[in-house]
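Q: Sharing start20.pdb below, PDB, C-alpha atoms and all ligand atoms:
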ATOM      1  CA  MET A 399    -102.972  24.302  73.490  1.00  0.00           C
ATOM      2  CA  VAL A 400    -106.530  25.614  73.657  1.00  0.00           C
ATOM      3  CA  GLU A 401    -105.864  28.127  70.906  1.00  0.00           C
ATOM      4  CA  GLU A 402    -103.426  26.488  68.494  1.00  0.00           C
ATOM      5  CA  VAL A 403    -104.059  22.764  68.946  1.00  0.00           C
ATOM      6  CA  GLN A 404    -107.633  22.412  70.165  1.00  0.00           C
ATOM      7  CA  LYS A 405    -108.731  25.473  68.160  1.00  0.00           C
ATOM      8  CA  LEU A 406    -111.515  26.238  70.612  1.00  0.00           C
ATOM      9  CA  PRO A 407    -113.704  29.340  70.183  1.00  0.00           C
ATOM     10  CA  SER A 408    -112.412  32.320  72.185  1.00  0.00           C
ATOM     11  CA  GLU A 409    -115.212  32.225  74.794  1.00  0.00           C
ATOM     12  CA  ILE A 410    -114.442  28.541  75.571  1.00  0.00           C
ATOM     13  CA  GLN A 411    -110.694  29.304  75.637  1.00  0.00           C
ATOM     14  CA  LYS A 412    -111.386  31.929  78.284  1.00  0.00           C
ATOM     15  CA  ILE A 413    -113.354  29.481  80.465  1.00  0.00           C
ATOM     16  CA  LYS A 414    -110.665  26.786  80.141  1.00  0.00           C
ATOM     17  CA  LYS A 415    -107.840  29.227  80.887  1.00  0.00           C
ATOM     18  CA  GLU A 416    -109.647  30.436  84.027  1.00  0.00           C
ATOM     19  CA  PHE A 417    -110.294  26.842  85.090  1.00  0.00           C
ATOM     20  CA  PHE A 418    -106.634  25.861  84.668  1.00  0.00           C
ATOM     21  CA  HIS A 419    -105.427  29.003  86.386  1.00  0.00           C
ATOM     22  CA  ARG A 420    -107.672  28.312  89.401  1.00  0.00           C
ATOM     23  CA  PHE A 421    -106.364  24.741  89.531  1.00  0.00           C
ATOM     24  CA  LEU A 422    -102.715  25.858  89.390  1.00  0.00           C
ATOM     25  CA  ALA A 423    -103.018  28.859  91.693  1.00  0.00           C
ATOM     26  CA  GLU A 424    -105.555  27.649  94.259  1.00  0.00           C
ATOM     27  CA  GLU A 425    -106.725  24.046  94.157  1.00  0.00           C
ATOM     28  CA  PHE A 426    -103.269  22.471  93.803  1.00  0.00           C
ATOM     29  CA  ALA A 427    -101.394  25.697  94.748  1.00  0.00           C
ATOM     30  CA  LEU A 428     -98.572  24.850  92.335  1.00  0.00           C
ATOM     31  CA  LEU A 429     -97.539  28.318  91.275  1.00  0.00           C
ATOM     32  CA  LYS A 430     -95.979  29.142  94.639  1.00  0.00           C
ATOM     33  CA  ASP A 431     -92.930  27.010  94.164  1.00  0.00           C
ATOM     34  CA  ASP A 432     -90.850  25.815  91.161  1.00  0.00           C
ATOM     35  CA  ARG A 433     -90.113  22.420  92.728  1.00  0.00           C
ATOM     36  CA  LYS A 434     -93.811  21.796  93.310  1.00  0.00           C
ATOM     37  CA  ILE A 435     -94.733  22.560  89.725  1.00  0.00           C
ATOM     38  CA  PHE A 436     -91.817  20.471  88.395  1.00  0.00           C
ATOM     39  CA  ASP A 437     -92.895  17.500  90.524  1.00  0.00           C
ATOM     40  CA  TRP A 438     -96.496  17.852  89.388  1.00  0.00           C
ATOM     41  CA  ALA A 439     -95.427  18.144  85.729  1.00  0.00           C
ATOM     42  CA  GLY A 440     -93.286  15.034  86.267  1.00  0.00           C
ATOM     43  CA  LYS A 441     -96.306  13.122  87.538  1.00  0.00           C
ATOM     44  CA  GLN A 442     -98.195  14.195  84.427  1.00  0.00           C
ATOM     45  CA  CYS A 443     -95.449  12.480  82.385  1.00  0.00           C
ATOM     46  CA  TYR A 444     -96.345   9.210  84.077  1.00  0.00           C
ATOM     47  CA  ILE A 445     -99.806   9.354  82.511  1.00  0.00           C
ATOM     48  CA  ALA A 446     -98.191   9.413  79.049  1.00  0.00           C
ATOM     49  CA  LEU A 447     -95.576   6.887  80.170  1.00  0.00           C
ATOM     50  CA  ALA A 448     -98.226   4.417  81.369  1.00  0.00           C
ATOM     51  CA  ASN A 449     -99.898   4.564  77.965  1.00  0.00           C
ATOM     52  CA  MET A 450     -96.551   4.133  76.191  1.00  0.00           C
ATOM     53  CA  LEU A 451     -95.707   1.035  78.270  1.00  0.00           C
ATOM     54  CA  THR A 452     -99.153  -0.500  77.786  1.00  0.00           C
ATOM     55  CA  THR A 453     -99.157   0.176  74.040  1.00  0.00           C
ATOM     56  CA  ALA A 454     -95.645  -1.212  73.660  1.00  0.00           C
ATOM     57  CA  ALA A 455     -96.683  -4.384  75.508  1.00  0.00           C
ATOM     58  CA  ALA A 456     -99.751  -4.714  73.263  1.00  0.00           C
ATOM     59  CA  LEU A 457     -97.423  -4.484  70.233  1.00  0.00           C
ATOM     60  CA  GLY A 458     -95.080  -7.111  71.709  1.00  0.00           C
ATOM     61  CA  ILE A 459     -92.327  -4.580  72.489  1.00  0.00           C
ATOM     62  CA  ASP A 460     -90.586  -4.811  75.866  1.00  0.00           C
ATOM     63  CA  SER A 461     -89.918  -1.725  77.939  1.00  0.00           C
ATOM     64  CA  CYS A 462     -88.213  -0.601  81.090  1.00  0.00           C
ATOM     65  CA  ALA A 463     -89.328   2.500  82.996  1.00  0.00           C
ATOM     66  CA  ILE A 464     -86.374   4.194  84.675  1.00  0.00           C
ATOM     67  CA  GLU A 465     -86.451   6.851  87.336  1.00  0.00           C
ATOM     68  CA  GLY A 466     -83.289   5.706  89.045  1.00  0.00           C
ATOM     69  CA  PHE A 467     -80.702   7.560  86.967  1.00  0.00           C
ATOM     70  CA  ASN A 468     -77.842  10.005  87.340  1.00  0.00           C
ATOM     71  CA  GLU A 469     -79.596  13.348  86.983  1.00  0.00           C
ATOM     72  CA  GLU A 470     -76.442  15.389  86.451  1.00  0.00           C
ATOM     73  CA  GLY A 471     -75.141  12.940  83.833  1.00  0.00           C
ATOM     74  CA  ALA A 472     -78.495  12.841  82.035  1.00  0.00           C
ATOM     75  CA  ASN A 473     -78.669  16.620  81.936  1.00  0.00           C
ATOM     76  CA  LYS A 474     -75.104  16.791  80.548  1.00  0.00           C
ATOM     77  CA  VAL A 475     -76.079  14.483  77.660  1.00  0.00           C
ATOM     78  CA  LEU A 476     -79.354  16.309  77.015  1.00  0.00           C
ATOM     79  CA  ASN A 477     -77.739  19.729  77.192  1.00  0.00           C
ATOM     80  CA  ASP A 478     -76.832  19.427  73.511  1.00  0.00           C
ATOM     81  CA  VAL A 479     -80.442  18.902  72.434  1.00  0.00           C
ATOM     82  CA  ILE A 480     -82.661  20.764  74.916  1.00  0.00           C
ATOM     83  CA  ASP A 481     -82.451  23.834  77.115  1.00  0.00           C
ATOM     84  CA  THR A 482     -81.781  22.124  80.452  1.00  0.00           C
ATOM     85  CA  THR A 483     -82.200  25.396  82.346  1.00  0.00           C
ATOM     86  CA  HIS A 484     -85.833  25.354  81.229  1.00  0.00           C
ATOM     87  CA  PHE A 485     -86.611  21.610  80.958  1.00  0.00           C
ATOM     88  CA  GLY A 486     -85.758  18.854  83.429  1.00  0.00           C
ATOM     89  CA  VAL A 487     -85.686  15.076  83.153  1.00  0.00           C
ATOM     90  CA  CYS A 488     -88.199  13.255  85.358  1.00  0.00           C
ATOM     91  CA  VAL A 489     -88.299   9.768  83.894  1.00  0.00           C
ATOM     92  CA  MET A 490     -86.729   7.670  81.148  1.00  0.00           C
ATOM     93  CA  VAL A 491     -87.958   4.620  79.297  1.00  0.00           C
ATOM     94  CA  GLY A 492     -86.150   2.024  77.263  1.00  0.00           C
ATOM     95  CA  PHE A 493     -87.862   0.013  74.515  1.00  0.00           C
ATOM     96  CA  GLY A 494     -86.597  -3.135  72.861  1.00  0.00           C
ATOM     97  CA  TYR A 495     -86.835  -6.905  72.857  1.00  0.00           C
ATOM     98  CA  ARG A 496     -85.906  -9.190  75.714  1.00  0.00           C
ATOM     99  CA  ASP A 497     -83.017 -11.605  75.401  1.00  0.00           C
ATOM    100  CA  ASP A 498     -84.720 -14.967  75.003  1.00  0.00           C
ATOM    101  CA  ASP A 499     -81.723 -16.810  76.407  1.00  0.00           C
ATOM    102  CA  LYS A 500     -83.483 -18.655  79.240  1.00  0.00           C
ATOM    103  CA  ASN A 501     -80.191 -18.967  81.141  1.00  0.00           C
ATOM    104  CA  ALA A 502     -79.867 -15.173  81.262  1.00  0.00           C
ATOM    105  CA  ASN A 503     -83.396 -14.580  82.570  1.00  0.00           C
ATOM    106  CA  ARG A 504     -84.543 -15.521  86.028  1.00  0.00           C
ATOM    107  CA  PRO A 505     -88.297 -16.180  86.286  1.00  0.00           C
ATOM    108  CA  LYS A 506     -90.441 -13.103  87.049  1.00  0.00           C
ATOM    109  CA  THR A 507     -91.047 -12.539  90.731  1.00  0.00           C
ATOM    110  CA  ARG A 508     -94.204 -10.756  91.812  1.00  0.00           C
ATOM    111  CA  GLN A 509     -95.903  -9.970  95.120  1.00  0.00           C
ATOM    112  CA  SER A 510     -99.496 -11.137  95.330  1.00  0.00           C
ATOM    113  CA  LEU A 511    -102.219  -8.757  94.183  1.00  0.00           C
ATOM    114  CA  GLU A 512    -103.798  -8.924  97.668  1.00  0.00           C
ATOM    115  CA  LYS A 513    -100.552  -7.678  99.198  1.00  0.00           C
ATOM    116  CA  ILE A 514    -100.168  -4.619  96.991  1.00  0.00           C
ATOM    117  CA  VAL A 515    -103.773  -3.553  96.298  1.00  0.00           C
ATOM    118  CA  GLN A 516    -106.297  -2.431  98.875  1.00  0.00           C
ATOM    119  CA  TYR A 517    -109.900  -2.037  97.718  1.00  0.00           C
ATOM    120  CA  VAL A 518    -111.818   0.598  99.679  1.00  0.00           C
TER     121      VAL A 518
HETATM  122  C1  LIG A 601     -81.510   1.652  85.277  1.00  0.00           C
HETATM  123  C2  LIG A 601     -82.852   1.280  85.867  1.00  0.00           C
HETATM  124  C3  LIG A 601     -83.506   2.185  86.670  1.00  0.00           C
HETATM  125  C4  LIG A 601     -84.753   1.883  87.214  1.00  0.00           C
HETATM  126  N1  LIG A 601     -85.388   2.790  87.980  1.00  0.00           N
HETATM  127  C5  LIG A 601     -86.570   2.467  88.564  1.00  0.00           C
HETATM  128  C6  LIG A 601     -87.216   3.365  89.450  1.00  0.00           C
HETATM  129  O1  LIG A 601     -86.751   4.471  89.687  1.00  0.00           O
HETATM  130  N2  LIG A 601     -88.393   2.980  90.024  1.00  0.00           N
HETATM  131  C7  LIG A 601     -88.949   1.754  89.790  1.00  0.00           C
HETATM  132  O2  LIG A 601     -90.028   1.451  90.328  1.00  0.00           O
HETATM  133  N3  LIG A 601     -88.343   0.886  88.947  1.00  0.00           N
HETATM  134  C8  LIG A 601     -87.181   1.205  88.354  1.00  0.00           C
HETATM  135  N4  LIG A 601     -86.562   0.315  87.528  1.00  0.00           N
HETATM  136  C9  LIG A 601     -87.217  -1.003  87.356  1.00  0.00           C
HETATM  137  C10 LIG A 601     -87.948  -1.158  86.043  1.00  0.00           C
HETATM  138  O3  LIG A 601     -88.866  -0.132  85.804  1.00  0.00           O
HETATM  139  C11 LIG A 601     -88.704  -2.508  86.049  1.00  0.00           C
HETATM  140  O4  LIG A 601     -89.774  -2.425  86.919  1.00  0.00           O
HETATM  141  C12 LIG A 601     -87.778  -3.601  86.449  1.00  0.00           C
HETATM  142  O5  LIG A 601     -86.793  -3.709  85.456  1.00  0.00           O
HETATM  143  C13 LIG A 601     -88.471  -4.919  86.729  1.00  0.00           C
HETATM  144  O6  LIG A 601     -89.288  -5.303  85.705  1.00  0.00           O
HETATM  145  P1  LIG A 601     -89.855  -6.779  85.653  1.00  0.00           P
HETATM  146  O7  LIG A 601     -90.135  -7.188  87.069  1.00  0.00           O
HETATM  147  O8  LIG A 601     -91.078  -6.679  84.825  1.00  0.00           O
HETATM  148  O9  LIG A 601     -88.806  -7.618  85.036  1.00  0.00           O
HETATM  149  C14 LIG A 601     -85.335   0.616  86.965  1.00  0.00           C
HETATM  150  C15 LIG A 601     -84.657  -0.300  86.154  1.00  0.00           C
HETATM  151  C16 LIG A 601     -83.445   0.023  85.611  1.00  0.00           C
HETATM  152  C17 LIG A 601     -82.739  -0.996  84.746  1.00  0.00           C
END
How does this structure look as structure tokens?
Ligand SMILES: Cc1cc2nc3c(=O)[nH]c(=O)nc-3n(C[C@H](O)[C@H](O)[C@H](O)COP(=O)(O)O)c2cc1C
A:
Amino acid sequence: MVEEVQKLPSEIQKIKKEFFHRFLAEEFALLKDDRKIFDWAGKQCYIALANMLTTAAALGIDSCAIEGFNEEGANKVLNDVIDTTHFGVCVMVGFGYRDDDKNANRPKTRQSLEKIVQYV
């Protein structure tokens, strides 16, 4: 990334690489355990996912974030297109347009903001 995409000068690359290594090895101690690094990488996906959902909504496209899925089944399907021994699935998202049939859609139900957000 720092070399090929960001095309940073070599002295800045060195500083960034050291910074990221310290983060991975010490501050978040992710390198000790494959599960830990997979879970952290998965959480990183949610940053991109949040932007995808927000952008879709701004464009009038409906979406559905899905983490409740059959992992084995998903990996079987993806096995044809990615190396599933190296990559794992952490989240899925569907995009499309809602069915406007009012009889098919119950009204949205939401908890109050006060109940789910605590300001500190
Ligand atoms: C197959 C499927 C799996 C889902 N998995 C999750 C999940 O793991 N976690 C979650 O918070 N919501 C999950 N959802 C819920 C959706 O992300 C979404 O919040 C839900 O459809 C309600 O949206 P709405 O209240 O805006 O209509 C799932 C929905 C579907 C259809």
Q: If the PyMOL selection byres (((chain A and resi 442-444) around 12) and not hetatm) is run on the structure shown, which residues does it catch, given as a count of residues only?
A: 24
Q: Put the listed atoms of ligand LIG 601 (chain A) in a box along x, y and z with 4 Å added on every side and give me the centre and edge lengths in Å to one decimal, as lines of an AutoDock Vina configuration file.
A:
center_x = -86.3
center_y = -1.6
center_z = 87.5
size_x = 17.6
size_y = 20.1
size_z = 13.6
Q: Give me, please, the distance in Å between atom C9 of ligand LIG 601 (chain A) and atom CA of A:Gly466, quoted to one decimal.
A: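 Distance reported for this atom pair: 8.0 Å.
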Q: Could you tell me how far atom CA of A:Asp499 sits from atom C6 of ligand LIG 601 (chain A), in Å to one decimal place?
A: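 That distance, rounded to one decimal, is 24.6 Å.
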Q: One decimal, Å: what's the distance from atom O4 of ligand LIG 601 (chain A) over to atom CA of A:Ser510, could you say?
A: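 Computing it gives 15.5 Å between the two atoms.
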Q: I'd like the neighbourhood of stretch 414-426 of chain A as a VMD selection string, where a residue qualifies if any of its atoms comes within 10 Å (using all atoms listed in the file), though same-chain residues fewer than 4 positions away should be ignored.
A: chain A and resid 400 406 408 to 410 430 434 to 435 438
Q: Nearest residue to ligand LIG 601 (chain A) out of A:Ser461, A:Gln516, A:Gln411, A:Asn473, using all atoms listed in the file?
A: A:Ser461
Q: With all atoms listed in the file as the atoms that count, which of A:Asp431, A:Glu402, A:Asp460, A:Asp481 lies nearest to ligand LIG 601 (chain A)?
A: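 Checking each of A:Asp431, A:Glu402, A:Asp460, A:Asp481 against ligand LIG 601 (chain A), counting all atoms listed in the file, the winner is A:Asp460.
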Q: With distances taken over all atoms listed in the file, which of A:Lys513, A:Lys405, A:Lys506, A:Arg433 is nearest to ligand LIG 601 (chain A)?
A: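 Closest residue, counting all atoms listed in the file: A:Lys506.
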Q: Which of these, A:Cys462, A:Ala454, A:Ile514, A:Leu428, has the shortest distance to ligand LIG 601 (chain A) once you count all atoms listed in the file?
A: A:Cys462
Q: Could you check which of A:Ala427, A:Met399, A:Ala455, A:Val515 is closest to ligand LIG 601 (chain A), using all atoms listed in the file?
A: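 Looking at the shortest contact to ligand LIG 601 (chain A), the residue is A:Ala455.
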Q: Taking into account all atoms listed in the file, which residue in the set A:Asn468, A:Thr483, A:Gln404, A:Thr453 is nearest to ligand LIG 601 (chain A)?
A: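 Using all atoms listed in the file, the shortest distance to ligand LIG 601 (chain A) belongs to A:Asn468.
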